[in-house]
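Pasting upload-v6.txt here (compact mmCIF, C-alpha atoms):
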```
# COMPACT_ATOMS: atom_id res chain seq x y z
CA MET A 1 -21.79 5.37 31.97
CA THR A 2 -22.17 2.38 29.65
CA ARG A 3 -25.43 0.65 28.85
CA GLY A 4 -24.28 -2.33 30.95
CA GLN A 5 -23.59 -0.16 33.99
CA LEU A 6 -26.93 1.61 33.54
CA ALA A 7 -28.81 -1.71 33.37
CA SER A 8 -27.05 -2.97 36.52
CA GLY A 9 -27.83 0.24 38.40
CA MET A 10 -31.48 0.14 37.37
CA ALA A 11 -31.77 -3.51 38.42
CA ALA A 12 -30.21 -2.79 41.85
CA ALA A 13 -32.52 0.19 42.37
CA ALA A 14 -35.55 -1.88 41.34
CA VAL A 15 -34.66 -4.64 43.82
CA ALA A 16 -34.18 -2.11 46.62
CA ALA A 17 -37.53 -0.48 45.84
CA LEU A 18 -39.23 -3.91 45.71
CA VAL A 19 -37.78 -4.89 49.11
CA ALA A 20 -38.99 -1.62 50.60
CA VAL A 21 -42.48 -2.13 49.17
CA LEU A 22 -42.69 -5.68 50.54
CA LEU A 23 -41.34 -4.95 54.03
CA TRP A 24 -42.82 -1.52 54.62
CA GLU A 25 -46.30 -1.34 56.14
CA PRO A 26 -47.48 2.29 55.88
CA THR A 27 -49.42 3.65 58.89
CA SER A 28 -50.10 7.24 57.88
CA ALA A 29 -51.44 9.04 54.83
CA TRP A 30 -48.03 10.29 53.61
CA GLN A 31 -46.53 6.80 54.09
CA ILE A 32 -49.34 5.34 51.96
CA VAL A 33 -48.50 7.87 49.22
CA ALA A 34 -44.77 7.12 49.49
CA HIS A 35 -45.50 3.39 49.39
CA GLY A 36 -47.47 3.89 46.17
CA VAL A 37 -44.64 5.87 44.62
CA LEU A 38 -42.11 3.14 45.48
CA THR A 39 -44.43 0.57 43.91
CA VAL A 40 -44.48 2.54 40.66
CA VAL A 41 -40.72 3.21 40.83
CA TRP A 42 -39.67 -0.40 41.26
CA THR A 43 -42.01 -1.47 38.49
CA LEU A 44 -40.56 1.10 36.03
CA LEU A 45 -36.96 0.43 37.07
CA GLY A 46 -37.45 -3.33 36.78
CA LEU A 47 -39.06 -3.02 33.38
CA GLY A 48 -36.28 -0.69 32.19
CA ALA A 49 -33.58 -3.08 33.41
CA VAL A 50 -35.25 -6.03 31.64
CA VAL A 51 -35.47 -4.04 28.39
CA LEU A 52 -31.81 -2.93 28.53
CA VAL A 53 -30.56 -6.43 29.35
CA GLY A 54 -32.68 -7.94 26.58
CA TYR A 55 -31.46 -5.30 24.11
CA ARG A 56 -27.80 -5.90 24.98
CA ARG A 57 -28.10 -9.70 24.92
CA GLY A 58 -29.81 -10.17 21.56
CA LEU A 59 -32.11 -7.48 20.29
CA ARG A 60 -29.33 -4.99 19.49
CA ARG A 61 -27.47 -7.42 17.26
CA ARG A 62 -30.65 -8.42 15.44
CA LEU A 63 -31.69 -4.79 14.93
CA SER A 64 -28.19 -3.86 13.73
CA ASP A 65 -28.12 -6.73 11.26
CA ASP A 66 -31.57 -5.86 9.93
CA LEU A 67 -30.68 -2.18 9.64
CA ARG A 68 -27.47 -3.02 7.81
CA ARG A 69 -29.30 -5.40 5.50
CA LEU A 70 -32.01 -2.88 4.69
CA SER A 71 -29.96 0.32 4.47
CA GLY A 72 -26.66 -1.05 3.13
CA PRO A 73 -27.76 -1.58 -0.50
CA GLY A 74 -29.58 1.75 -0.49
CA ILE A 75 -26.48 3.59 0.72
CA VAL A 76 -24.26 1.78 -1.80
CA ASP A 77 -26.67 2.46 -4.65
CA SER A 78 -26.80 6.14 -3.78
CA MET A 79 -23.01 6.53 -3.99
CA SER A 80 -21.06 6.79 -7.23
CA PRO A 81 -18.49 4.06 -8.03
CA LYS A 82 -15.70 6.60 -7.55
CA GLN A 83 -16.97 7.52 -4.07
CA LEU A 84 -17.23 3.87 -3.06
CA LEU A 85 -13.73 3.02 -4.26
CA ASP A 86 -12.31 6.16 -2.65
CA VAL A 87 -13.87 5.18 0.70
CA LEU A 88 -12.48 1.65 0.36
CA LEU A 89 -8.95 2.80 -0.51
CA SER A 90 -8.99 5.41 2.26
CA SER A 91 -9.98 2.75 4.80
CA ILE A 92 -6.98 0.66 3.71
CA TYR A 93 -4.29 3.23 2.88
CA GLY A 94 -5.58 6.36 4.63
CA ARG A 95 -6.38 9.68 2.99
CA ASN A 96 -3.87 10.15 0.19
CA ASP A 97 -3.90 12.09 -3.10
CA ALA A 98 -2.35 9.07 -4.81
CA ASN A 99 -5.61 7.16 -4.21
CA HIS A 100 -7.15 9.33 -6.92
CA ASP A 101 -4.70 7.88 -9.47
CA VAL A 102 -5.82 4.34 -8.59
CA VAL A 103 -9.51 5.28 -8.78
CA THR A 104 -8.99 7.00 -12.13
CA GLY A 105 -6.97 4.10 -13.52
CA LEU A 106 -9.66 1.57 -12.59
CA LEU A 107 -12.80 3.54 -13.35
CA GLY A 108 -11.68 6.17 -15.80
CA ARG A 109 -12.72 9.80 -15.91
CA HIS A 110 -16.41 10.46 -16.30
CA LEU A 111 -16.73 6.65 -16.39
CA THR A 112 -15.35 6.57 -19.94
CA VAL A 113 -14.83 2.83 -20.43
CA SER A 114 -14.43 1.00 -23.74
CA THR A 115 -15.53 -2.63 -23.52
CA HIS A 116 -14.53 -3.47 -27.11
CA THR A 117 -11.28 -1.98 -28.41
CA GLU A 118 -9.15 -2.78 -31.46
CA VAL A 119 -5.92 -1.02 -32.43
CA ASP A 120 -3.97 -0.99 -35.71
CA LEU A 121 -0.42 0.42 -35.74
CA GLU A 122 1.31 1.09 -39.06
CA LEU A 123 4.89 2.35 -39.47
CA SER A 124 5.84 3.86 -42.82
CA ALA A 125 9.24 5.42 -43.61
CA LEU A 126 9.19 8.97 -45.01
CA ASN A 127 12.97 9.09 -45.55
CA HIS A 128 16.06 7.68 -43.84
CA GLU A 129 15.44 9.80 -40.72
CA LEU A 130 11.68 10.04 -40.32
CA TYR A 131 8.79 7.62 -40.42
CA GLU A 132 5.06 8.12 -40.12
CA LEU A 133 3.31 6.46 -37.22
CA ARG A 134 -0.32 5.82 -38.13
CA TYR A 135 -2.83 4.22 -35.89
CA THR A 136 -6.49 3.41 -35.98
CA CYS A 137 -8.34 2.93 -32.69
CA ALA A 138 -11.92 1.71 -32.46
CA TYR A 139 -13.70 2.15 -29.11
CA ARG A 140 -17.14 0.92 -28.10
CA PHE A 141 -18.29 2.42 -24.83
CA ARG A 142 -19.95 0.54 -22.01
CA ARG A 143 -22.22 3.50 -21.38
CA PRO A 144 -22.95 6.10 -24.05
CA LEU A 145 -20.90 9.22 -23.38
CA THR A 146 -23.07 12.29 -22.97
CA THR A 147 -20.69 14.62 -24.75
CA SER A 148 -20.17 16.02 -28.23
CA ARG A 149 -16.66 17.38 -27.69
CA PHE A 150 -13.39 15.71 -28.69
CA MET A 151 -9.96 17.08 -27.78
CA LEU A 152 -6.51 16.28 -29.17
CA VAL A 153 -3.43 17.31 -27.17
CA MET A 154 0.04 17.20 -28.75
CA THR A 155 3.25 17.80 -26.84
CA SER A 156 6.97 17.17 -26.94
CA ASP A 157 7.38 17.62 -23.16
CA ALA A 158 7.46 14.37 -21.17
CA GLY A 159 6.30 16.09 -17.97
CA ILE A 160 3.22 17.52 -19.67
CA ARG A 161 2.52 14.13 -21.24
CA ASP A 162 2.64 12.36 -17.87
CA SER A 163 0.44 15.00 -16.20
CA ILE A 164 -2.18 14.61 -18.92
CA VAL A 165 -2.16 10.81 -18.61
CA ALA A 166 -2.54 11.10 -14.82
CA GLY A 167 -5.16 13.78 -14.53
CA ILE A 168 -6.95 15.13 -17.58
CA ASP A 169 -10.64 15.51 -16.82
CA LEU A 170 -12.37 15.05 -20.18
CA PRO A 171 -14.56 12.18 -21.43
CA LEU A 172 -13.08 12.05 -24.97
CA PHE A 173 -9.51 13.02 -25.74
CA GLU A 174 -6.36 11.78 -27.45
CA LEU A 175 -2.73 12.45 -26.60
CA TRP A 176 0.06 12.55 -29.19
CA PHE A 177 3.70 12.74 -28.13
CA PHE A 178 6.67 13.85 -30.27
CA SER A 179 10.28 13.27 -29.32
CA GLU A 180 12.25 16.37 -28.36
CA ARG A 181 14.08 17.08 -31.63
CA GLY A 182 12.65 20.32 -33.01
CA GLY A 183 10.12 20.84 -35.76
CA PHE A 184 7.24 20.57 -33.30
CA ASP A 185 4.91 22.99 -35.10
CA ASP A 186 5.36 21.33 -38.49
CA ALA A 187 4.90 17.86 -37.01
CA SER A 188 1.78 18.88 -35.10
CA ASP A 189 0.31 20.61 -38.19
CA ARG A 190 0.77 17.43 -40.17
CA THR A 191 -0.73 15.31 -37.40
CA ILE A 192 -3.85 17.42 -36.88
CA ALA A 193 -4.47 17.42 -40.65
CA SER A 194 -4.42 13.60 -40.68
CA VAL A 195 -7.20 13.08 -38.12
CA ARG A 196 -10.29 11.24 -39.28
CA LEU A 197 -13.22 10.49 -36.97
CA SER A 198 -16.29 8.30 -37.37
CA PHE A 199 -18.76 7.46 -34.63
CA ASP A 200 -22.13 6.03 -33.71
CA TYR A 201 -24.31 8.42 -31.76
CA ARG A 202 -27.80 9.31 -30.65
CA ASP A 203 -29.37 12.65 -31.39
CA LEU A 204 -31.49 14.77 -29.06
CA ASP A 205 -34.56 12.67 -29.91
CA GLY A 206 -32.79 9.41 -29.05
CA ASN A 207 -32.43 8.23 -32.65
CA ARG A 208 -29.27 6.31 -33.53
CA HIS A 209 -26.99 7.45 -36.38
CA THR A 210 -23.57 6.65 -37.83
CA SER A 211 -21.20 9.40 -38.93
CA GLN A 212 -18.93 8.73 -41.89
CA ALA A 213 -15.17 9.09 -41.37
CA ARG A 214 -14.12 12.67 -42.03
CA HIS A 215 -11.76 15.35 -40.83
CA PRO A 216 -13.42 17.34 -38.03
CA GLU A 217 -13.34 21.12 -37.85
CA PHE A 218 -10.77 21.65 -35.11
CA ARG A 219 -10.16 24.93 -33.35
CA GLU A 220 -6.92 25.54 -31.49
CA VAL A 221 -7.23 26.28 -27.79
CA PRO A 222 -4.58 28.46 -26.09
CA ALA A 223 -2.13 26.13 -24.39
CA ARG A 224 -2.45 27.96 -21.07
CA LEU A 225 -6.10 26.83 -20.87
CA LEU A 226 -5.11 23.17 -20.78
CA ALA A 227 -4.65 23.45 -17.01
CA GLN A 228 -8.38 23.93 -16.49
CA TYR A 229 -8.99 20.40 -17.74
CA LEU A 230 -6.62 18.86 -15.17
CA ARG A 231 -7.02 17.90 -11.52
CA PRO A 232 -6.42 20.85 -9.16
CA ASP A 233 -3.26 19.35 -7.63
CA LEU A 234 -1.75 18.92 -11.12
CA ARG A 235 -2.66 22.44 -12.23
CA ARG A 236 -0.38 23.93 -9.60
CA ARG A 237 2.61 21.82 -10.67
CA LEU A 238 2.16 22.05 -14.44
CA ASP A 239 4.36 24.40 -16.45
CA LEU A 240 2.92 25.02 -19.91
CA PRO A 241 5.49 26.45 -22.32
CA SER A 242 3.47 27.25 -25.43
CA THR A 243 6.21 25.95 -27.74
CA LYS A 244 5.87 22.40 -26.39
CA VAL A 245 2.13 21.83 -26.31
CA ARG A 246 -0.80 22.44 -28.66
CA VAL A 247 -4.44 21.79 -27.88
CA PHE A 248 -7.20 21.29 -30.44
CA GLU A 249 -10.88 20.57 -29.89
CA CYS A 250 -13.93 20.01 -32.07
CA ASP A 251 -17.67 19.70 -31.70
CA LEU A 252 -18.76 16.33 -33.07
CA SER A 253 -22.20 17.74 -33.87
CA GLN A 254 -20.66 19.59 -36.83
CA PRO A 255 -19.42 16.59 -38.82
CA ALA A 256 -22.54 14.66 -37.78
CA GLY A 257 -24.83 17.32 -39.24
CA ARG A 258 -27.21 17.18 -36.27
CA GLN A 259 -27.02 17.69 -32.51
CA VAL A 260 -25.20 14.85 -30.73
CA ARG A 261 -26.59 13.79 -27.37
CA SER A 262 -24.35 10.78 -26.67
CA ILE A 263 -21.53 8.78 -28.30
CA GLU A 264 -21.75 4.96 -28.41
CA ARG A 265 -18.75 4.12 -30.62
CA LEU A 266 -15.75 6.09 -31.84
CA GLU A 267 -13.13 5.27 -34.45
CA LEU A 268 -10.07 7.50 -34.63
CA LYS A 269 -7.43 7.54 -37.36
CA VAL A 270 -4.38 9.73 -36.83
CA ALA A 271 -0.81 9.85 -38.18
CA GLY A 272 2.28 11.89 -37.43
CA PRO A 273 6.03 11.97 -38.16
CA GLN A 274 8.49 10.40 -35.74
CA HIS A 275 12.25 9.71 -35.76
CA ILE A 276 13.38 6.28 -36.96
CA ASN A 277 16.45 6.40 -34.71
CA ASP A 278 14.19 6.41 -31.63
CA GLY A 279 13.95 2.66 -32.16
CA TYR A 280 10.50 2.35 -30.63
CA CYS A 281 6.95 3.65 -30.57
CA TYR A 282 3.98 2.82 -28.37
CA TRP A 283 0.24 3.12 -27.92
CA GLN A 284 -1.51 3.76 -24.60
CA PRO A 285 -5.26 3.88 -23.93
CA PRO A 286 -6.61 7.32 -22.95
CA PHE A 287 -9.13 5.66 -20.60
CA PRO A 288 -9.82 2.09 -19.39
CA CYS A 289 -10.22 -0.22 -22.39
CA TYR A 290 -10.80 -3.92 -22.84
CA VAL A 291 -8.53 -4.61 -25.80
CA GLU A 292 -9.13 -7.62 -28.01
CA GLN A 293 -6.33 -7.19 -30.53
CA VAL A 294 -3.44 -4.95 -31.49
CA ARG A 295 -2.25 -5.37 -35.07
CA VAL A 296 1.20 -4.12 -36.14
CA ASP A 297 2.43 -3.53 -39.69
CA ALA A 298 6.02 -2.29 -39.92
CA GLY A 299 6.75 -3.42 -43.47
CA ALA A 300 6.95 0.12 -44.88
CA LEU A 301 9.87 1.01 -42.60
CA ASN A 302 12.17 -0.13 -45.39
CA VAL A 303 13.32 2.78 -47.59
CA ASP A 304 13.85 1.93 -51.25
CA GLY A 305 14.80 -1.57 -50.21
CA LEU A 306 18.10 -0.24 -48.79
CA ALA A 307 17.38 -0.48 -45.08
CA LYS A 308 16.03 -3.70 -43.68
CA TRP A 309 14.58 -3.77 -40.19
CA GLN A 310 13.51 -6.29 -37.61
CA PHE A 311 10.90 -5.56 -34.98
CA ARG A 312 9.17 -7.07 -31.96
CA THR A 313 6.15 -6.12 -29.88
CA VAL A 314 6.24 -5.77 -26.09
CA PRO A 315 2.93 -5.22 -24.26
CA PHE A 316 3.09 -3.62 -20.81
CA THR A 317 -0.24 -4.84 -19.49
CA PHE A 318 -1.75 -7.01 -16.73
CA ARG A 319 -0.92 -10.01 -18.89
CA SER A 320 2.44 -10.42 -20.63
CA GLY A 321 1.88 -13.76 -22.35
CA SER A 322 0.91 -12.12 -25.63
CA SER A 323 4.37 -10.64 -26.21
CA VAL A 324 6.19 -11.57 -29.42
CA ALA A 325 9.55 -12.59 -27.96
CA GLU A 326 11.50 -13.04 -31.21
CA TRP A 327 12.62 -10.35 -33.62
CA LEU A 328 10.67 -10.61 -36.86
CA PRO A 329 11.28 -9.23 -40.36
CA ALA A 330 9.60 -5.87 -40.80
CA THR A 331 7.54 -7.34 -43.62
CA THR A 332 5.79 -9.70 -41.17
CA ARG A 333 2.45 -8.44 -39.96
CA THR A 334 1.79 -9.27 -36.32
CA THR A 335 -1.46 -9.64 -34.42
CA LEU A 336 -1.41 -9.63 -30.62
CA ASP A 337 -4.41 -11.16 -28.90
CA ILE A 338 -4.43 -9.00 -25.78
CA GLU A 339 -7.90 -9.92 -24.45
CA SER A 340 -7.35 -7.96 -21.26
CA TRP A 341 -8.09 -4.64 -19.61
CA LEU A 342 -5.62 -1.85 -20.28
CA LEU A 343 -5.64 1.18 -18.01
CA PRO A 344 -3.94 4.55 -18.57
CA GLY A 345 -0.24 3.77 -18.18
CA HIS A 346 -0.55 0.36 -19.85
CA GLY A 347 0.03 -0.12 -23.55
CA VAL A 348 1.90 -1.86 -26.34
CA ALA A 349 5.40 -0.92 -27.50
CA VAL A 350 6.91 -1.70 -30.91
CA LEU A 351 10.72 -2.00 -31.00
CA TRP A 352 12.90 -2.22 -34.09
CA ARG A 353 16.55 -2.57 -35.01
CA PRO A 354 18.58 -2.91 -38.23
CA ALA A 355 18.62 -6.51 -39.42
CA GLN A 356 22.41 -6.46 -39.78
CA GLU A 357 22.78 -6.13 -36.01
CA ALA A 358 21.28 -9.57 -35.60
CA GLU A 359 23.56 -10.98 -38.30
CA GLY A 360 26.60 -9.45 -36.68
```

Spit out the file's structure as structure tokens when you get a sec.
Amino acid sequence: MTRGQLASGMAAAAVAALVAVLLWEPTSAWQIVAHGVLTVVWTLLGLGAVVLVGYRRGLRRRLSDDLRRLSGPGIVDSMSPKQLLDVLLSSIYGRNDANHDVVTGLLGRHLTVSTHTEVDLELSALNHELYELRYTCAYRFRRPLTTSRFMLVMTSDAGIRDSIVAGIDLPLFELWFFSERGGFDDASDRTIASVRLSFDYRDLDGNRHTSQARHPEFREVPARLLAQYLRPDLRRRLDLPSTKVRVFECDLSQPAGRQVRSIERLELKVAGPQHINDGYCYWQPPFPCYVEQVRVDAGALNVDGLAKWQFRTVPFTFRSGSSVAEWLPATTRTTLDIESWLLPGHGVAVLWRPAQEAEG
């Protein structure tokens, strides 16, 4: 029975009781008692009907609005941003594992978000087959990261790379990808040796410090343990051949010389060999980043002045207007004013080709 039907029934019963009270003249003791009971009954039923009708007509809406106004902000404030966005996406798209990818792309993992990011890419030929890709990334975090651990994952397997981009569950990490052409161990050894880290942090007492750039003391983690840092649904699908992935981690408290409570800024310098014939390289953010600029220097691709290259930059971001459409001489340094958010999966690609192709 609905509230409307209940109110109507109570009103009808109250009217019937009132009519009986008005028309009935009791003549005996039990009739006097019954008459008194009917008087009480019609009064209660009438009052109940009035309350229900008044509640349905206006009071319910006002109470609901007030309750929503008072409790809504409290409920929202008590939920994490990830929970709120997950509820919103589920209400639109239904329950779906793919919603997690959208939430992670927008909010990051552990709310790792860099609000000030600058990237320098430098390409330097080692010989006629290999070049060294060197980049420097400076991140300034919106909220200090309460961690002192940094992890570097290197792989030559595209499936492992994509799984890490989609679901690694660490606040601070970097991913380095090598093309599938052998020499993985030598290339990864050279890359890990090149790493330099500097950062601003707060110690356990809340004091702020700056660490000078230096090579951290990495320890290699068995590749099979990488799965424990991934989302559960990705762990089941991930195949980890040890020859195609290496995992290194370090405690930032060691190079800092004191216990690190939180990281406010991080600058990473890393370099590794790549194949010139790939014809491209790229940089992707490991977590959501607002990127001001990406600077590209490909001048050192030329080997002994014998090979001359042209290059262009192609961002794959929310905004594409910053792309350098023309092919430029490798000696031309290029600065892209991105000034946009980049999420995992976005990035900037650098393409190159022999200059004689353009002439031909």

Choose the residue, out of A:His275, A:Lys244, A:Arg295, A:Arg333, that has the smallest atom-to-atom separation from Tyr131 (chain A); count all atoms listed in the file.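 Going through A:His275, A:Lys244, A:Arg295, A:Arg333 one by one, the smallest distance to Tyr131 (chain A) is for A:His275.
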
With all atoms listed in the file as the atoms that count, which of A:Tyr290, A:Val153, A:Ser114, A:Arg261 lies nearest to Leu225 (chain A)?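 Result for the nearest residue to Leu225 (chain A): A:Val153.
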
Using the file's own x, y and z axes, so that the box edges lie along x, y and z, what centre and edge lengths in Å (one decimal) does a box around every listed atom of region 196-201 of chain A get when 8 Å is added on each side? Give it as JSON.
```
{"center_x": -17.3, "center_y": 8.6, "center_z": -35.5, "size_x": 30.0, "size_y": 21.2, "size_z": 23.5}
```

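Of note, CA of Glu249 (chain A) and CA of Ser124 (chain A) are spaced 26.9 Å apart.
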
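We find CA of Met154 (chain A) and CA of Val245 (chain A) to be spaced 5.6 Å apart.
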
Taking all atoms listed in the file into account, name the residue in A:Val165, A:Val119, A:Val294, A:Ile276 that is nearest to Tyr229 (chain A). A:Val165

Could you work out how far CA of Thr155 (chain A) lies from CA of Arg353 (chain A), giving the answer in Å with one decimal?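 If I compute the distance from CA of Arg353 (chain A) to CA of Thr155 (chain A), I get 25.7 Å.
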
Using all atoms listed in the file, the shortest atom-to-atom distance to Arg246 (chain A) among A:Leu226, A:Val195, A:Val113, A:Leu301 belongs to A:Leu226
